[in-house]
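Just upload-v5.csv here, CSV, C-alpha atoms and all ligand atoms:
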```csv
chain,number,residue,atom,x,y,z
A,1,MET,CA,0.0,0.0,0.0
A,2,LEU,CA,2.6,2.5,1.1
A,3,LYS,CA,6.3,2.3,0.4
A,4,ILE,CA,8.7,4.9,1.5
A,5,GLU,CA,12.3,4.6,0.3
A,6,ASN,CA,15.2,6.7,1.4
A,7,LEU,CA,12.9,9.8,1.9
A,8,GLN,CA,14.8,13.0,2.5
A,9,ALA,CA,13.2,16.4,3.1
A,10,ARG,CA,14.1,19.8,4.4
A,11,VAL,CA,12.3,22.8,5.8
A,12,ASP,CA,13.8,26.3,5.5
A,13,ASP,CA,17.0,24.9,4.1
A,14,LYS,CA,17.4,22.7,7.2
A,15,SER,CA,17.6,19.0,6.4
A,16,ILE,CA,15.1,17.2,8.6
A,17,LEU,CA,14.4,13.8,7.1
A,18,LYS,CA,17.6,12.0,6.3
A,19,GLY,CA,16.6,8.8,4.6
A,20,ILE,CA,13.3,7.2,5.9
A,21,ASN,CA,12.4,3.7,4.9
A,22,LEU,CA,9.0,2.4,5.8
A,23,THR,CA,6.6,-0.1,4.2
A,24,VAL,CA,2.9,-0.2,5.4
A,25,LYS,CA,0.7,-3.0,4.2
A,26,PRO,CA,-3.1,-3.0,4.1
A,27,GLY,CA,-4.6,-3.4,7.5
A,28,GLU,CA,-1.5,-2.6,9.4
A,29,VAL,CA,-1.1,-0.1,12.2
A,30,HIS,CA,2.3,1.5,12.5
A,31,ALA,CA,3.3,3.7,15.5
A,32,ILE,CA,6.0,6.3,14.9
A,33,MET,CA,7.5,7.4,18.2
A,34,GLY,CA,10.5,9.6,19.0
A,35,PRO,CA,11.7,12.6,20.9
A,36,ASN,CA,10.5,16.1,20.2
A,37,GLY,CA,12.0,17.6,17.1
A,38,SER,CA,13.0,14.3,15.6
A,39,GLY,CA,11.0,14.9,12.4
A,40,LYS,CA,7.7,13.0,13.1
A,41,SER,CA,5.4,15.9,12.1
A,42,THR,CA,7.7,16.6,9.1
A,43,LEU,CA,7.2,13.0,7.9
A,44,SER,CA,3.4,13.4,8.3
A,45,ASN,CA,3.3,16.7,6.5
A,46,VAL,CA,5.5,15.4,3.7
A,47,LEU,CA,3.1,12.5,3.2
A,48,ALA,CA,0.2,14.8,3.1
A,49,GLY,CA,2.0,17.1,0.7
A,50,ARG,CA,2.1,20.4,2.6
A,51,ASP,CA,3.9,23.2,0.9
A,52,ALA,CA,6.5,24.2,3.4
A,53,TYR,CA,8.3,20.8,3.1
A,54,GLU,CA,10.7,20.3,0.3
A,55,VAL,CA,11.5,16.7,-0.7
A,56,THR,CA,15.1,16.4,-1.6
A,57,GLY,CA,15.4,12.7,-2.3
A,58,GLY,CA,13.8,9.3,-2.1
A,59,SER,CA,10.4,8.0,-3.2
A,60,VAL,CA,6.9,7.4,-1.8
A,61,GLU,CA,4.7,5.0,-3.6
A,62,PHE,CA,1.0,4.7,-2.6
A,63,ASN,CA,-1.1,1.9,-4.2
A,64,GLY,CA,1.2,1.9,-7.2
A,65,LYS,CA,1.2,5.7,-7.7
A,66,ASN,CA,4.0,8.2,-7.0
A,67,LEU,CA,2.5,10.0,-4.1
A,68,LEU,CA,5.0,12.9,-4.2
A,69,GLU,CA,3.8,13.9,-7.7
A,70,LEU,CA,0.2,14.4,-6.5
A,71,ALA,CA,-1.2,17.7,-5.1
A,72,PRO,CA,-2.5,17.5,-1.5
A,73,GLU,CA,-6.1,17.3,-2.5
A,74,GLU,CA,-5.3,14.5,-5.0
A,75,ARG,CA,-3.7,12.6,-2.2
A,76,ALA,CA,-6.8,13.0,-0.1
A,77,ARG,CA,-8.9,11.8,-3.0
A,78,GLU,CA,-6.6,8.8,-3.4
A,79,GLY,CA,-7.4,7.9,0.2
A,80,VAL,CA,-4.7,9.5,2.3
A,81,PHE,CA,-6.0,11.2,5.4
A,82,LEU,CA,-3.9,13.4,7.7
A,83,ALA,CA,-5.3,14.4,11.1
A,84,PHE,CA,-3.4,17.5,11.9
A,85,GLN,CA,-1.6,18.1,15.1
A,86,TYR,CA,-3.2,21.5,15.3
A,87,PRO,CA,-6.5,21.3,13.4
A,88,VAL,CA,-7.5,24.3,11.4
A,89,GLU,CA,-10.6,26.5,12.1
A,90,ILE,CA,-12.6,27.5,9.1
A,91,PRO,CA,-14.9,30.4,10.0
A,92,GLY,CA,-18.1,30.6,8.0
A,93,VAL,CA,-18.1,27.0,6.9
A,94,SER,CA,-20.3,24.6,8.8
A,95,ASN,CA,-18.8,21.3,9.8
A,96,ILE,CA,-21.5,19.3,8.0
A,97,TYR,CA,-21.0,21.3,4.8
A,98,LEU,CA,-17.3,20.6,4.8
A,99,LEU,CA,-17.9,16.9,5.4
A,100,LYS,CA,-20.3,16.6,2.6
A,101,ALA,CA,-18.0,18.5,0.2
A,102,ALA,CA,-15.1,16.4,1.1
A,103,LEU,CA,-17.1,13.1,0.8
A,104,ASN,CA,-18.4,14.2,-2.6
A,105,ALA,CA,-14.9,15.0,-3.8
A,106,VAL,CA,-13.8,11.5,-2.9
A,107,ARG,CA,-16.9,10.0,-4.5
A,108,LYS,CA,-16.3,12.0,-7.7
A,109,HIS,CA,-12.8,10.7,-7.9
A,110,GLN,CA,-14.2,7.1,-7.6
A,111,GLY,CA,-16.6,7.8,-10.4
A,112,LEU,CA,-19.6,8.0,-8.1
A,113,PRO,CA,-22.4,10.6,-8.1
A,114,PRO,CA,-22.7,13.1,-5.2
A,115,VAL,CA,-24.2,11.5,-2.1
A,116,ASP,CA,-28.0,11.7,-1.8
A,117,ALA,CA,-29.0,14.3,0.9
A,118,MET,CA,-31.0,11.8,3.0
A,119,ASP,CA,-28.3,9.1,2.7
A,120,PHE,CA,-25.8,11.6,3.9
A,121,LEU,CA,-27.8,12.5,6.9
A,122,LYS,CA,-28.1,8.9,7.8
A,123,ILE,CA,-24.4,8.3,7.4
A,124,ILE,CA,-23.5,11.4,9.4
A,125,LYS,CA,-25.8,10.6,12.3
A,126,GLU,CA,-24.3,7.1,12.6
A,127,LYS,CA,-20.7,8.5,12.6
A,128,VAL,CA,-21.5,11.2,15.1
A,129,LYS,CA,-22.8,8.5,17.4
A,130,LEU,CA,-19.6,6.6,16.9
A,131,VAL,CA,-17.4,9.4,18.1
A,132,GLU,CA,-20.0,10.4,20.8
A,133,MET,CA,-20.2,13.9,19.5
A,134,ASP,CA,-23.2,16.2,20.1
A,135,GLU,CA,-25.0,16.7,16.7
A,136,ARG,CA,-25.0,20.4,17.3
A,137,PHE,CA,-21.3,20.4,16.4
A,138,LEU,CA,-22.2,19.6,12.8
A,139,TYR,CA,-23.8,23.0,12.4
A,140,ARG,CA,-21.0,25.0,13.9
A,141,ALA,CA,-18.2,26.5,11.9
A,142,VAL,CA,-15.4,24.0,11.4
A,143,ASN,CA,-13.4,23.8,14.7
A,144,GLU,CA,-14.3,27.4,15.6
A,145,GLY,CA,-14.3,27.6,19.4
A,146,PHE,CA,-14.0,23.8,19.7
A,147,SER,CA,-12.0,22.6,22.7
A,148,GLY,CA,-8.8,20.5,22.1
A,149,GLY,CA,-10.8,17.3,22.7
A,150,GLU,CA,-13.7,18.4,20.5
A,151,LYS,CA,-11.3,19.1,17.6
A,152,LYS,CA,-9.8,15.7,18.0
A,153,ARG,CA,-13.2,14.1,18.0
A,154,ASN,CA,-14.0,16.1,14.9
A,155,GLU,CA,-10.9,14.7,13.2
A,156,ILE,CA,-12.0,11.2,13.9
A,157,LEU,CA,-15.5,12.1,12.6
A,158,GLN,CA,-13.9,13.3,9.4
A,159,MET,CA,-12.0,10.1,9.1
A,160,ALA,CA,-15.1,8.0,9.8
A,161,VAL,CA,-17.1,9.8,7.1
A,162,LEU,CA,-14.3,9.8,4.4
A,163,GLU,CA,-13.2,6.2,5.0
A,164,PRO,CA,-9.7,6.8,3.8
A,165,LYS,CA,-7.3,3.9,3.0
A,166,LEU,CA,-4.4,5.3,4.9
A,167,CYS,CA,-4.9,7.4,8.0
A,168,ILE,CA,-2.1,9.4,9.4
A,169,LEU,CA,-2.7,10.7,12.9
A,170,ASP,CA,-0.1,13.1,14.1
A,171,GLU,CA,-0.1,13.4,17.9
A,172,THR,CA,-3.9,13.0,18.0
A,173,ASP,CA,-3.4,12.2,21.7
A,174,SER,CA,-1.7,15.4,22.7
A,175,GLY,CA,-3.8,17.5,25.0
A,176,LEU,CA,-6.5,14.9,25.3
A,177,ASP,CA,-8.0,14.0,28.7
A,178,ILE,CA,-8.5,10.4,29.4
A,179,ASP,CA,-12.2,10.3,28.3
A,180,ALA,CA,-11.4,12.0,25.0
A,181,LEU,CA,-8.4,9.7,24.5
A,182,LYS,CA,-10.7,6.7,24.9
A,183,ILE,CA,-13.2,8.1,22.3
A,184,VAL,CA,-10.4,8.8,19.8
A,185,SER,CA,-9.0,5.3,20.3
A,186,ASP,CA,-12.4,3.7,20.1
A,187,GLY,CA,-13.1,5.6,16.9
A,188,VAL,CA,-9.8,4.5,15.4
A,189,ASN,CA,-10.3,0.9,16.5
A,190,SER,CA,-13.7,0.8,15.0
A,191,LEU,CA,-12.3,2.0,11.7
A,192,ARG,CA,-9.5,-0.7,11.6
A,193,SER,CA,-10.1,-3.1,8.8
A,194,PRO,CA,-8.1,-5.4,6.6
A,195,GLU,CA,-8.0,-2.8,3.9
A,196,ARG,CA,-7.3,0.3,6.0
A,197,SER,CA,-3.9,1.2,7.4
A,198,PHE,CA,-2.8,3.6,10.1
A,199,ILE,CA,0.3,5.6,10.9
A,200,LEU,CA,0.0,6.8,14.4
A,201,VAL,CA,2.6,9.5,15.3
A,202,THR,CA,2.9,9.9,19.0
A,203,HIS,CA,5.4,11.1,21.6
A,204,TYR,CA,3.8,9.1,24.4
A,205,GLN,CA,3.1,5.5,24.9
A,206,ARG,CA,-0.3,6.2,26.4
A,207,LEU,CA,-2.3,6.1,23.1
A,208,LEU,CA,-0.8,2.7,22.4
A,209,ASP,CA,-2.5,1.3,25.6
A,210,TYR,CA,-5.7,1.8,23.7
A,211,ILE,CA,-4.7,1.3,20.1
A,212,LYS,CA,-2.5,-1.8,19.7
A,213,PRO,CA,0.0,-1.2,16.9
A,214,ASP,CA,1.4,-4.0,14.8
A,215,TYR,CA,4.8,-2.2,14.5
A,216,VAL,CA,6.5,0.5,16.5
A,217,HIS,CA,9.3,2.6,14.9
A,218,VAL,CA,11.5,5.1,16.7
A,219,LEU,CA,12.4,8.2,14.7
A,220,ALA,CA,15.5,10.1,15.9
A,221,HIS,CA,17.4,12.8,14.0
A,222,GLY,CA,15.4,12.2,10.9
A,223,ARG,CA,15.9,8.5,10.6
A,224,ILE,CA,14.1,5.4,11.8
A,225,VAL,CA,16.7,4.0,14.2
A,226,LYS,CA,14.7,1.1,15.7
A,227,SER,CA,11.7,-0.9,14.8
A,228,GLY,CA,9.9,-3.6,16.7
A,229,GLY,CA,6.5,-4.8,17.9
A,230,PRO,CA,4.2,-3.3,20.5
A,231,GLU,CA,6.6,-4.2,23.3
A,232,LEU,CA,9.1,-1.6,22.0
A,233,ALA,CA,6.6,1.1,23.0
A,234,LEU,CA,6.6,-0.2,26.6
A,235,GLU,CA,10.4,-0.4,26.7
A,236,LEU,CA,10.5,3.2,25.5
A,237,GLU,CA,8.1,4.2,28.2
A,238,GLU,CA,10.2,2.7,30.9
A,239,GLN,CA,13.7,3.6,29.6
A,240,GLY,CA,13.1,6.8,27.6
A,241,TYR,CA,14.5,7.7,24.2
A,242,GLY,CA,18.0,8.1,25.6
A,243,TRP,CA,18.1,4.3,25.9
A,244,VAL,CA,17.7,3.9,22.1
A,245,GLU,CA,20.3,6.5,21.4
A,246,GLN,CA,22.8,4.7,23.7
A,247,GLN,CA,22.1,1.4,22.0
A,248,ILE,CA,22.8,2.9,18.7
A,249,LEU,CA,26.1,4.5,20.0
A,250,ALA,CA,27.1,1.2,21.5
A,251,GLY,CA,26.4,-0.6,18.2
A,252,ALA,CA,28.2,1.9,16.1
A,301,LIG,P1,8.5,16.3,15.9
A,301,LIG,O1,7.1,16.3,15.3
A,301,LIG,O2,9.2,15.0,15.9
A,301,LIG,O3,8.5,17.0,17.2
A,301,LIG,P2,9.1,18.1,13.7
A,301,LIG,O4,9.0,17.3,12.4
A,301,LIG,O5,7.9,19.0,14.1
A,301,LIG,O6,9.4,17.2,14.9
A,301,LIG,O7,10.3,19.0,13.6
A,301,LIG,C1,11.6,18.6,13.2
A,301,LIG,C2,12.6,19.7,13.1
A,301,LIG,O8,12.2,20.5,12.0
A,301,LIG,C3,12.6,20.6,14.3
A,301,LIG,O9,13.9,21.0,14.6
A,301,LIG,C4,11.7,21.8,13.9
A,301,LIG,O10,12.1,23.0,14.5
A,301,LIG,C5,12.0,21.9,12.4
A,301,LIG,N1,10.8,22.4,11.7
A,301,LIG,C6,9.6,21.7,11.5
A,301,LIG,N2,8.8,22.5,10.8
A,301,LIG,C7,9.4,23.6,10.5
A,301,LIG,C8,9.1,24.8,9.8
A,301,LIG,N3,7.9,25.0,9.2
A,301,LIG,N4,10.0,25.8,9.8
A,301,LIG,C9,11.2,25.6,10.3
A,301,LIG,N5,11.6,24.6,11.0
A,301,LIG,C10,10.7,23.6,11.1
A,302,MG,MG,6.8,18.3,18.2
A,303,MG,MG,5.3,16.8,15.9
```
Structure translated into structure tokens:
Amino acid sequence: MLKIENLQARVDDKSILKGINLTVKPGEVHAIMGPNGSGKSTLSNVLAGRDAYEVTGGSVEFNGKNLLELAPEERAREGVFLAFQYPVEIPGVSNIYLLKAALNAVRKHQGLPPVDAMDFLKIIKEKVKLVEMDERFLYRAVNEGFSGGEKKRNEILQMAVLEPKLCILDETDSGLDIDALKIVSDGVNSLRSPERSFILVTHYQRLLDYIKPDYVHVLAHGRIVKSGGPELALELEEQGYGWVEQQILAGA
């Protein structure tokens, strides 16, 4: 599904990603952990195609296509979803309007007609229930005045409605209280399927108590320096990131 090879990228002439290799197969959940400033958000943003990030080498293939050649909206239509670390507010645009427009863009790309108004209401009500969101949030401007937890819930709602093939969640757990964390995790878990993959970017192990990843990768200084199973997250929680760096130094 996703194949990242020797990916290098920079921001403001500063080299951040220094050769990332990662393969994600359908149905897999990969957690990317690592210290602050290691390049986790840069990797998410490069995959989503945000402007500020310049790819200087390597390749990213998504379902046989060169992802790096596609504009951000095209990537979204192909089924790549990035839940932003700091979700944007869109004054004047209601949440439900945005969801419908986004869903119809994906449908158009798939050769499907726009969703029927009644069908859409049915879908949306079901998904709102899934994320335990108050229906009133649908009619408010996107994320405007939403609390941190409400924005996160809204991201999961967007994901549930759009049904992407690859979901990238960048620090979806940051700033969440334990109840909201549970709802985000339940939302993600309910969306897990043999066809859908996840990349969960997180600084803390806590999220992984609720969403069990298949693989855990440690990103440090722009490279994946260690990969393992779910147990790696627990070791990191106990020993900290310094432990991985020491291991690398010892092995070098
Ligand atoms: P992480 O998400 O792992 O905490 P980031 O990918 O956000 O790390 O950042 C990696 C490095 O890139 C940091 O040193 C950060 O300051 C720098 N960086 C990220 N985005 C920008 C930007 N838009 N402009 C300048 N520097 C940036
Ligand atoms: Mg950070
Ligand atoms: Mg980050």
| task | Go ahead and compute the interatomic distance for CA of Glu89 (chain A) and CA of Asp170 (chain A), in Å to one decimal. | result |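 One can read the CA of Glu89 (chain A) to CA of Asp170 (chain A) distance as 17.1 Å.
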| task | Within 12 Å of (12.0, 5.7, 19.5) (coordinates as in the file), grab all the protein and nucleic acid residues, counting all atoms listed in the file, and write them out as a PyMOL selection string. | result | chain A and resi 31-36+38-40+201-205+215-248
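Counting all atoms listed in the file and comparing A:Glu78, A:Asp12, A:Asp119, A:Glu54, the residue that lies closest to ligand LIG 301 (chain A) is A:Asp12.
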| Option closest in space to ligand MG 303 (chain A), from A:Val88, A:Leu43, A:Val55, A:Met1 [counting all atoms listed in the file] | A:Leu43
| Which residues come within 9 Å of Met133 (chain A), counting all atoms listed in the file, excluding same-chain residues fewer than 6 positions away, as a list in words? |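 After dropping sequence-adjacent residues, the list is Lys127, Glu150, Arg153, Asn154 and Leu157 of chain A.
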| task | Quote the spacing between CA of Ile4 (chain A) and CA of Val60 (chain A) in Å to one decimal place. | result |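 These two atoms are separated by 4.5 Å.
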| query | Which residue out of A:Ile199, A:Ile168, A:Ile156, A:Ala83 has the minimum interatomic distance to Ser185 (chain A) when all atoms listed in the file are used? | reply | A:Ile156
| Atomic separation - CA of Thr23 (chain A) relative to CA of Thr42 (chain A), Å |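 Rounded to one decimal, the two atoms are 17.4 Å apart.
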| Which residues come within 10 Å of region 193-197 of chain A, counting all atoms listed in the file, excluding same-chain residues fewer than 6 positions away, as a list in words? |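 My list of contacting residues is Met1, Leu2, Val24, Lys25, Pro26, Gly27, Glu28, Val29, His30, Gly79, Val80, Glu163, Pro164, Lys165, Leu166, Cys167 and Ile168 of chain A.
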| Surrounding residues of Tyr210 (chain A) excluding itself and chain neighbours under 6 positions, 10 Å, all atoms listed in the file, as a PyMOL selection string | chain A and resi 181-186+188-189
| message | Just checking: using all atoms listed in the file, which residue out of A:Ser44, A:Glu144, A:Tyr139, A:Leu68 ends up closest to ligand MG 303 (chain A)? | response | A:Ser44
| With distances taken over all atoms listed in the file, which of A:Asp214, A:Leu67, A:Glu74, A:Val161 is nearest to Ile123 (chain A)? |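 Among the listed residues, the smallest separation from Ile123 (chain A) belongs to A:Val161.
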